[in-house]
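Pasted below: run_33.csv, CSV, C-alpha atoms.
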chain,number,residue,atom,x,y,z
A,22,MET,CA,7.8,-32.2,253.2
A,23,ASN,CA,4.1,-32.4,252.2
A,24,GLU,CA,2.3,-35.7,251.7
A,25,ILE,CA,2.4,-35.6,247.9
A,26,GLU,CA,6.2,-35.2,247.8
A,27,ARG,CA,6.6,-37.9,250.4
A,28,ILE,CA,4.6,-40.4,248.3
A,29,LYS,CA,6.6,-39.5,245.2
A,30,GLN,CA,9.9,-40.1,247.1
A,31,THR,CA,8.6,-43.4,248.4
A,32,TYR,CA,7.8,-44.7,245.0
A,33,GLU,CA,11.2,-43.5,243.6
A,34,LYS,CA,12.8,-45.5,246.5
A,35,ARG,CA,10.8,-48.6,245.5
A,36,LYS,CA,12.1,-48.3,242.0
A,37,VAL,CA,15.7,-48.3,243.2
A,38,GLU,CA,15.0,-51.2,245.5
A,39,ARG,CA,13.2,-53.0,242.6
A,40,LYS,CA,10.3,-54.1,244.9
A,41,GLY,CA,8.2,-54.3,241.8
A,42,GLN,CA,9.8,-57.6,241.1
A,43,LEU,CA,7.7,-59.1,243.9
A,44,TYR,CA,4.6,-58.6,241.8
A,45,ASP,CA,6.1,-60.2,238.6
A,46,LEU,CA,3.4,-62.6,237.4
A,47,PHE,CA,6.0,-65.1,236.2
A,48,GLY,CA,6.5,-65.8,239.9
A,49,ASN,CA,4.2,-68.4,241.5
A,50,ALA,CA,3.2,-66.3,244.5
A,51,ALA,CA,2.3,-63.2,242.5
A,52,LEU,CA,0.4,-65.3,240.0
A,53,PHE,CA,-1.5,-67.0,242.8
A,54,HIS,CA,-2.5,-63.6,244.3
A,55,PHE,CA,-3.5,-62.2,240.9
A,56,GLN,CA,-5.7,-65.1,239.9
A,57,GLN,CA,-7.4,-65.3,243.3
A,58,ARG,CA,-8.0,-61.5,243.3
A,59,GLU,CA,-9.4,-61.7,239.8
A,60,LYS,CA,-11.8,-64.4,240.7
A,61,ALA,CA,-13.0,-62.5,243.8
A,62,ILE,CA,-13.5,-59.3,241.7
A,63,LEU,CA,-15.6,-61.0,239.1
A,64,GLN,CA,-17.7,-62.7,241.8
A,65,VAL,CA,-18.3,-59.5,243.7
A,66,LEU,CA,-19.3,-57.6,240.6
A,67,ALA,CA,-21.8,-60.4,239.7
A,68,ARG,CA,-23.2,-60.3,243.2
A,69,SER,CA,-23.6,-56.5,242.8
A,70,GLY,CA,-25.7,-57.1,239.6
A,71,ILE,CA,-22.9,-56.1,237.2
A,72,ARG,CA,-22.4,-58.7,234.6
A,73,CYS,CA,-21.8,-56.5,231.6
A,74,LEU,CA,-19.2,-53.7,231.6
A,75,SER,CA,-19.5,-52.5,228.0
A,76,ASP,CA,-21.6,-49.5,228.9
A,77,LYS,CA,-20.0,-48.7,232.3
A,78,LYS,CA,-17.8,-45.6,232.8
A,79,ILE,CA,-14.9,-46.7,234.9
A,80,LEU,CA,-12.3,-44.6,236.8
A,81,ASP,CA,-9.1,-46.0,238.4
A,82,VAL,CA,-7.8,-43.8,241.1
A,83,GLY,CA,-4.1,-44.4,241.5
A,84,CYS,CA,-4.0,-46.2,238.1
A,85,GLY,CA,-0.2,-46.6,237.9
A,86,ALA,CA,0.7,-48.0,234.5
A,87,GLY,CA,-3.0,-48.9,233.8
A,88,GLY,CA,-2.8,-52.6,234.5
A,89,VAL,CA,-6.1,-52.8,236.4
A,90,LEU,CA,-8.0,-50.9,233.8
A,91,ARG,CA,-6.6,-53.2,231.1
A,92,ASP,CA,-7.9,-56.1,233.2
A,93,PHE,CA,-11.4,-54.5,233.2
A,94,ILE,CA,-11.2,-54.1,229.4
A,95,LYS,CA,-10.5,-57.9,229.3
A,96,TYR,CA,-13.6,-58.4,231.4
A,97,GLY,CA,-15.6,-56.4,228.7
A,98,ALA,CA,-15.2,-52.7,229.5
A,99,ASN,CA,-15.0,-50.3,226.6
A,100,PRO,CA,-11.5,-48.6,226.5
A,101,GLU,CA,-13.2,-45.3,225.5
A,102,ASN,CA,-15.2,-45.5,228.7
A,103,CYS,CA,-12.2,-45.9,231.0
A,104,SER,CA,-10.2,-43.2,232.8
A,105,GLY,CA,-7.3,-43.2,235.2
A,106,ILE,CA,-5.3,-40.8,237.3
A,107,ASP,CA,-2.0,-41.2,239.0
A,108,LEU,CA,0.4,-38.9,240.8
A,109,LEU,CA,3.6,-40.2,239.1
A,110,PRO,CA,4.3,-38.9,235.6
A,111,ASP,CA,6.4,-41.9,234.5
A,112,ARG,CA,3.6,-44.3,235.3
A,113,ILE,CA,1.1,-42.2,233.3
A,114,GLU,CA,3.5,-42.0,230.3
A,115,THR,CA,3.9,-45.8,230.4
A,116,ALA,CA,0.1,-46.2,230.6
A,117,LYS,CA,-0.5,-43.8,227.7
A,118,HIS,CA,2.1,-45.6,225.6
A,119,ILE,CA,0.4,-49.0,226.2
A,120,SER,CA,-3.2,-47.8,226.2
A,121,PRO,CA,-3.6,-44.7,224.1
A,122,ASN,CA,-7.4,-45.1,223.9
A,123,ILE,CA,-7.8,-44.7,227.6
A,124,ASP,CA,-8.3,-41.2,229.2
A,125,LEU,CA,-5.2,-41.1,231.4
A,126,ARG,CA,-4.3,-38.0,233.4
A,127,ARG,CA,-1.5,-37.1,235.8
A,128,GLY,CA,-2.6,-35.4,239.0
A,129,SER,CA,-3.5,-35.8,242.7
A,130,ALA,CA,-6.7,-37.7,243.4
A,131,ASP,CA,-7.8,-35.1,246.0
A,132,LYS,CA,-8.7,-32.8,243.0
A,133,LEU,CA,-10.2,-35.1,240.4
A,134,PRO,CA,-10.6,-33.3,237.0
A,135,TRP,CA,-14.0,-34.8,236.2
A,136,ASN,CA,-17.6,-33.5,236.7
A,137,ASP,CA,-20.0,-34.7,239.4
A,138,ASP,CA,-21.8,-38.1,238.9
A,139,CYS,CA,-19.6,-39.2,236.0
A,140,PHE,CA,-18.6,-42.8,236.7
A,141,ASP,CA,-20.5,-46.1,237.2
A,142,ILE,CA,-17.4,-47.8,238.8
A,143,ILE,CA,-14.5,-46.3,240.6
A,144,LEU,CA,-11.5,-48.6,241.3
A,145,CYS,CA,-9.2,-47.9,244.2
A,146,PHE,CA,-6.5,-50.6,244.6
A,147,THR,CA,-3.8,-50.2,247.2
A,148,VAL,CA,-4.0,-46.5,247.2
A,149,PHE,CA,-5.1,-45.4,250.7
A,150,SER,CA,-2.5,-47.6,252.5
A,151,SER,CA,0.2,-45.5,250.8
A,152,ILE,CA,-1.3,-42.2,252.1
A,153,LEU,CA,-0.4,-41.5,255.7
A,154,ASP,CA,-2.0,-38.0,256.0
A,155,GLU,CA,-5.6,-38.3,257.3
A,156,GLU,CA,-6.8,-35.1,255.7
A,157,MET,CA,-5.6,-36.1,252.3
A,158,ARG,CA,-7.3,-39.5,252.7
A,159,GLN,CA,-10.6,-37.8,253.5
A,160,ARG,CA,-10.3,-35.3,250.6
A,161,ILE,CA,-9.7,-38.2,248.1
A,162,ALA,CA,-12.6,-40.2,249.5
A,163,SER,CA,-14.9,-37.1,249.2
A,164,GLU,CA,-13.7,-36.6,245.6
A,165,MET,CA,-14.4,-40.2,244.7
A,166,LEU,CA,-18.0,-39.9,246.0
A,167,ARG,CA,-18.4,-36.6,244.1
A,168,VAL,CA,-17.7,-38.1,240.7
A,169,LEU,CA,-19.5,-41.4,241.4
A,170,LYS,CA,-23.0,-41.8,239.9
A,171,PRO,CA,-25.8,-42.1,242.5
A,172,GLU,CA,-26.2,-45.8,241.5
A,173,GLY,CA,-22.5,-46.5,241.1
A,174,ILE,CA,-20.0,-48.4,243.2
A,175,ILE,CA,-16.5,-48.0,244.5
A,176,LEU,CA,-14.5,-51.2,244.3
A,177,TRP,CA,-11.8,-51.1,247.0
A,178,TYR,CA,-8.8,-53.4,247.4
A,179,ASP,CA,-6.2,-52.6,250.0
A,180,PHE,CA,-4.2,-53.8,253.0
A,181,HIS,CA,-6.1,-53.9,256.3
A,182,MET,CA,-3.0,-54.5,258.4
A,183,ASN,CA,0.4,-52.8,258.7
A,184,ASN,CA,3.6,-54.1,257.2
A,185,PRO,CA,6.2,-54.0,260.0
A,186,LYS,CA,9.0,-54.0,257.3
A,187,ASN,CA,7.5,-51.1,255.4
A,188,PRO,CA,6.9,-47.8,257.4
A,189,ASP,CA,5.8,-46.0,254.2
A,190,VAL,CA,2.4,-47.8,254.2
A,191,ARG,CA,-0.3,-48.2,256.8
A,192,GLY,CA,-3.2,-50.6,256.7
A,193,VAL,CA,-6.8,-49.3,256.5
A,194,LYS,CA,-9.2,-51.0,258.9
A,195,LYS,CA,-12.9,-51.6,258.2
A,196,ARG,CA,-13.8,-48.9,260.7
A,197,GLU,CA,-11.5,-46.3,259.0
A,198,ILE,CA,-13.0,-47.2,255.5
A,199,LYS,CA,-16.5,-46.5,257.0
A,200,GLN,CA,-15.3,-43.2,258.4
A,201,LEU,CA,-13.9,-42.1,255.0
A,202,PHE,CA,-17.1,-43.0,253.2
A,203,GLN,CA,-19.7,-42.0,255.8
A,204,ASN,CA,-23.4,-43.1,255.4
A,205,CYS,CA,-22.5,-45.4,252.5
A,206,THR,CA,-23.3,-49.1,252.3
A,207,PHE,CA,-20.5,-51.7,252.3
A,208,ILE,CA,-19.8,-55.3,251.4
A,209,PHE,CA,-16.5,-56.5,252.9
A,210,GLN,CA,-14.5,-59.6,252.0
A,211,ARG,CA,-11.1,-60.6,253.3
A,212,ILE,CA,-8.9,-61.9,250.5
A,213,THR,CA,-5.2,-62.4,249.6
A,214,LEU,CA,-3.2,-64.9,251.6
A,215,ALA,CA,-0.4,-63.1,253.5
A,216,PRO,CA,2.4,-62.6,250.9
A,217,PRO,CA,5.2,-64.1,253.1
A,218,ILE,CA,3.1,-67.3,253.4
A,219,THR,CA,2.4,-67.4,249.7
A,220,ARG,CA,6.0,-66.8,248.7
A,221,ALA,CA,7.1,-69.6,251.0
A,222,LEU,CA,4.5,-72.1,249.7
A,223,ALA,CA,3.3,-71.3,246.2
A,224,THR,CA,6.3,-72.9,244.5
A,225,TYR,CA,5.6,-76.2,246.2
A,226,SER,CA,1.8,-76.4,246.6
A,227,TRP,CA,-0.9,-74.1,245.3
A,228,LEU,CA,-3.4,-76.5,246.9
A,229,LEU,CA,-2.0,-75.6,250.3
A,230,CYS,CA,-2.3,-71.9,249.5
A,231,TYR,CA,-5.9,-72.4,248.5
A,232,PHE,CA,-6.6,-74.2,251.7
A,233,LEU,CA,-4.9,-71.6,253.9
A,234,GLU,CA,-6.6,-68.7,252.2
A,235,GLU,CA,-9.9,-70.0,253.5
A,236,PHE,CA,-8.7,-69.1,257.0
A,237,LYS,CA,-9.7,-65.4,256.7
A,238,PHE,CA,-7.4,-64.2,259.5
A,239,LEU,CA,-4.4,-65.1,257.3
A,240,ASN,CA,-5.6,-62.8,254.5
A,241,THR,CA,-4.1,-59.3,254.4
A,242,HIS,CA,-6.5,-57.3,252.2
A,243,TYR,CA,-10.1,-56.1,252.1
A,244,LEU,CA,-12.0,-56.3,248.8
A,245,ALA,CA,-15.0,-54.0,249.4
A,246,VAL,CA,-18.0,-52.7,247.4
A,247,ILE,CA,-18.9,-49.2,248.6
A,248,GLN,CA,-22.2,-47.5,247.5
A,249,LYS,CA,-23.4,-44.0,247.9
A,250,PRO,CA,-26.3,-43.5,250.4
A,251,VAL,CA,-29.6,-43.5,248.6
A,252,LYS,CA,-31.4,-40.2,248.8
A,253,ARG,CA,-34.7,-40.5,250.5
A,254,GLN,CA,-37.6,-39.1,248.5
A,255,GLN,CA,-40.4,-37.3,250.2
A,256,MET,CA,-44.0,-37.2,249.0
A,257,CYS,CA,-46.2,-34.1,249.2
A,258,LEU,CA,-49.8,-33.6,248.4
A,259,THR,CA,-50.4,-31.2,245.5
A,260,ASP,CA,-53.3,-28.7,245.2
A,261,ARG,CA,-55.0,-31.1,242.7
A,262,GLY,CA,-55.1,-34.0,245.2
A,263,GLY,CA,-52.1,-35.9,243.7
A,264,TYR,CA,-48.6,-36.5,245.0
A,265,ALA,CA,-45.3,-35.0,243.9
A,266,ILE,CA,-41.9,-36.3,244.8
A,267,LEU,CA,-39.5,-34.0,246.6
A,268,SER,CA,-35.8,-35.0,246.4
Structure translated into structure tokens:
Amino acid sequence: MNEIERIKQTYEKRKVERKGQLYDLFGNAALFHFQQREKAILQVLARSGIRCLSDKKILDVGCGAGGVLRDFIKYGANPENCSGIDLLPDRIETAKHISPNIDLRRGSADKLPWNDDCFDIILCFTVFSSILDEEMRQRIASEMLRVLKPEGIILWYDFHMNNPKNPDVRGVKKREIKQLFQNCTFIFQRITLAPPITRALATYSWLLCYFLEEFKFLNTHYLAVIQKPVKRQQMCLTDRGGYAILS
């Protein structure tokens, strides 16, 4: 079985087991995680100098049913500037039904159907932890860098530790992220209080969850900003005594 078929079967199994119910925002734990992640995303965008999204072209790799893209529209993004790709046809059909004005495509992210230097922001949320094949991980990372504008950013959110109860996912460490996106610059932040802790406590005390999340070793995900390496410009003396820039 190749990696794409394995991923498809894994998500079919999740639907049967109804694991998606763990992320229902009517539950206290899921709501706590969502609100804390949302706050961290807005803060890291502001620190990166992005306070207006209306003119930004945004791609969500592994967009699912389009929920994260709709969050970014809520933050000010223009739907016509948003795109998404996902491997699973049922998720893309759901996303198209809810958000017909977003460019949504079914396919594998290791062959992105967009031109070079297209996007200002590329979102990658809990994607690489579901991919166990190292070569496929690297192909997707290379494709993301290809379609990212030189001044653009990749916004990464994913597990950095393994889940002993789920062999279908594997956490992605900081060192591995740096290997996938070589020569890039990075800003890392640990967020998301460990889900078992949050599920046990959120019904009784959000204040305690806030407190424990400050202990970064209890947090299971990296929120990272990844930027392309800046091309160095070389100056050369022209025959008229001036200087020209060589890229």
Nearest to Thr115 (chain A) by atom-to-atom distance, counting only C-alpha atoms, from A:Leu229, A:Lys95, A:Gly87, A:Asn102: A:Gly87
Can you work out the spacing between CA of Gln57 (chain A) and CA of Asp81 (chain A) in Å, to one decimal?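 Straight-line distance from CA of Gln57 (chain A) to CA of Asp81 (chain A) works out to 20.0 Å.
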Under the rule of at most 10 Å, produce a per-residue listing of region 111-153 of chain A near region 169-183 of chain A: chain, number, name, the closest pair of atoms, and the distance in Å, as a Markdown table, using all atoms listed in the file.
| residue | atom | partner | partner_atom | distance |
| --- | --- | --- | --- | --- |
| A:Asn136 | CA | A:Leu169 | CA | 9.4 |
| A:Asp137 | CA | A:Leu169 | CA | 7.0 |
| A:Asp138 | CA | A:Lys170 | CA | 4.0 |
| A:Cys139 | CA | A:Lys170 | CA | 5.8 |
| A:Phe140 | CA | A:Leu169 | CA | 5.0 |
| A:Asp141 | CA | A:Gly173 | CA | 4.4 |
| A:Ile142 | CA | A:Ile174 | CA | 5.1 |
| A:Ile143 | CA | A:Ile175 | CA | 4.7 |
| A:Leu144 | CA | A:Leu176 | CA | 5.0 |
| A:Cys145 | CA | A:Trp177 | CA | 5.0 |
| A:Phe146 | CA | A:Tyr178 | CA | 4.6 |
| A:Thr147 | CA | A:Asp179 | CA | 4.4 |
| A:Val148 | CA | A:Asp179 | CA | 7.1 |
| A:Phe149 | CA | A:Asp179 | CA | 7.3 |
| A:Ser150 | CA | A:Phe180 | CA | 6.4 |
| A:Ser151 | CA | A:Asp179 | CA | 9.6 |
Write out as a PyMOL selection string the residues lying within 8 Å of Leu109 (chain A), counting only C-alpha atoms and excluding same-chain residues fewer than 6 positions away. chain A and resi 29+85+127-128
One decimal, Å: what's the distance from CA of His54 (chain A) over to CA of Gly70 (chain A), could you say?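 Between these atoms lies a distance of 24.5 Å.
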Starting from the point (-4.9, -37.4, 254.1), work out which residues of protein, DNA or RNA have an atom no more than 12 Å away when counting only C-alpha atoms; state them as a list in words. Asn23, Glu24, Ile25, Ile28, Ser129, Ala130, Asp131, Val148, Phe149, Ser150, Ser151, Ile152, Leu153, Asp154, Glu155, Glu156, Met157, Arg158, Gln159, Arg160, Ile161, Ala162, Ser163 and Leu201 of chain A
Out of A:Arg68, A:Lys237, A:Arg126, A:Lys78, which residue has the shortest atom-to-atom distance to Glu114 (chain A) when counting all atoms listed in the file?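 Smallest separation from Glu114 (chain A) among the options: A:Arg126.
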Residue with smallest distance to Arg91 (chain A) - pool A:Ala116, A:Val251, A:Leu244, A:Leu46, counting all atoms listed in the file: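 Among the listed residues, the smallest separation from Arg91 (chain A) belongs to A:Ala116.
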Would you please work out which residue, of A:Leu80, A:Ala67, A:Ile123, A:Leu166, is nearest to Asn204 (chain A) when using only C-alpha atoms? A:Leu166
Give me, as a list in words, all polymer residues having an atom no more than 10 Å from Glu234 (chain A), counting all atoms listed in the file and skipping those fewer than 5 positions away in the same chain.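 Counting only the stated atoms, we get Gln57, Arg211, Ile212, Thr213, Leu214, Ala215, Ile218, Thr219, Leu228, Leu229, Leu239, Asn240 and Thr241 of chain A.
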One decimal place gives the CA of His242 (chain A)-CA of Phe202 (chain A) separation as 17.8 Å
A:Leu90, A:Lys34, A:Pro216, A:Cys103 ranked by distance to Cys230 (chain A), top pick (using only C-alpha atoms):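 Residue with the minimum atom-to-atom distance to Cys230 (chain A): A:Pro216.
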A:Ser120, A:Asn184, A:Thr224, A:Thr206 ranked by distance to Val246 (chain A), top pick (using only C-alpha atoms):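 Of the candidates, the smallest distance to Val246 (chain A) is held by A:Thr206.
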Since fewer atoms than expected are present, regenerate N, CA and C atoms for region 151-164 of chain A and write them as a PDB file, keeping the file's coordinate frame.
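What follows is the written file rebuild.pdb:
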ATOM      1  N   SER A 151      -1.014 -46.226 251.072  1.00  0.00           N
ATOM      2  CA  SER A 151       0.200 -45.500 250.800  1.00  0.00           C
ATOM      3  C   SER A 151       0.104 -44.017 251.216  1.00  0.00           C
ATOM      4  N   ILE A 152      -1.074 -43.605 251.696  1.00  0.00           N
ATOM      5  CA  ILE A 152      -1.300 -42.200 252.100  1.00  0.00           C
ATOM      6  C   ILE A 152      -1.380 -42.195 253.631  1.00  0.00           C
ATOM      7  N   LEU A 153      -0.455 -41.487 254.257  1.00  0.00           N
ATOM      8  CA  LEU A 153      -0.400 -41.500 255.700  1.00  0.00           C
ATOM      9  C   LEU A 153      -1.133 -40.250 256.304  1.00  0.00           C
ATOM     10  N   ASP A 154      -1.364 -39.234 255.493  1.00  0.00           N
ATOM     11  CA  ASP A 154      -2.000 -38.000 256.000  1.00  0.00           C
ATOM     12  C   ASP A 154      -3.534 -38.209 255.983  1.00  0.00           C
ATOM     13  N   GLU A 155      -4.140 -38.058 257.139  1.00  0.00           N
ATOM     14  CA  GLU A 155      -5.600 -38.300 257.300  1.00  0.00           C
ATOM     15  C   GLU A 155      -6.420 -37.335 256.494  1.00  0.00           C
ATOM     16  N   GLU A 156      -6.032 -36.082 256.464  1.00  0.00           N
ATOM     17  CA  GLU A 156      -6.800 -35.100 255.700  1.00  0.00           C
ATOM     18  C   GLU A 156      -6.808 -35.378 254.242  1.00  0.00           C
ATOM     19  N   MET A 157      -5.659 -35.783 253.709  1.00  0.00           N
ATOM     20  CA  MET A 157      -5.600 -36.100 252.300  1.00  0.00           C
ATOM     21  C   MET A 157      -6.439 -37.335 251.977  1.00  0.00           C
ATOM     22  N   ARG A 158      -6.413 -38.327 252.847  1.00  0.00           N
ATOM     23  CA  ARG A 158      -7.300 -39.500 252.700  1.00  0.00           C
ATOM     24  C   ARG A 158      -8.732 -39.084 252.562  1.00  0.00           C
ATOM     25  N   GLN A 159      -9.161 -38.194 253.451  1.00  0.00           N
ATOM     26  CA  GLN A 159     -10.600 -37.800 253.500  1.00  0.00           C
ATOM     27  C   GLN A 159     -10.919 -36.977 252.215  1.00  0.00           C
ATOM     28  N   ARG A 160      -9.999 -36.120 251.758  1.00  0.00           N
ATOM     29  CA  ARG A 160     -10.300 -35.300 250.600  1.00  0.00           C
ATOM     30  C   ARG A 160     -10.435 -36.243 249.333  1.00  0.00           C
ATOM     31  N   ILE A 161      -9.599 -37.267 249.244  1.00  0.00           N
ATOM     32  CA  ILE A 161      -9.700 -38.200 248.100  1.00  0.00           C
ATOM     33  C   ILE A 161     -11.000 -38.970 248.175  1.00  0.00           C
ATOM     34  N   ALA A 162     -11.366 -39.438 249.347  1.00  0.00           N
ATOM     35  CA  ALA A 162     -12.600 -40.200 249.500  1.00  0.00           C
ATOM     36  C   ALA A 162     -13.812 -39.288 249.096  1.00  0.00           C
ATOM     37  N   SER A 163     -13.788 -38.017 249.499  1.00  0.00           N
ATOM     38  CA  SER A 163     -14.900 -37.100 249.200  1.00  0.00           C
ATOM     39  C   SER A 163     -14.946 -36.858 247.654  1.00  0.00           C
ATOM     40  N   GLU A 164     -13.784 -36.742 247.017  1.00  0.00           N
ATOM     41  CA  GLU A 164     -13.700 -36.600 245.600  1.00  0.00           C
ATOM     42  C   GLU A 164     -14.271 -37.785 244.830  1.00  0.00           C
TER      43      GLU A 164
END
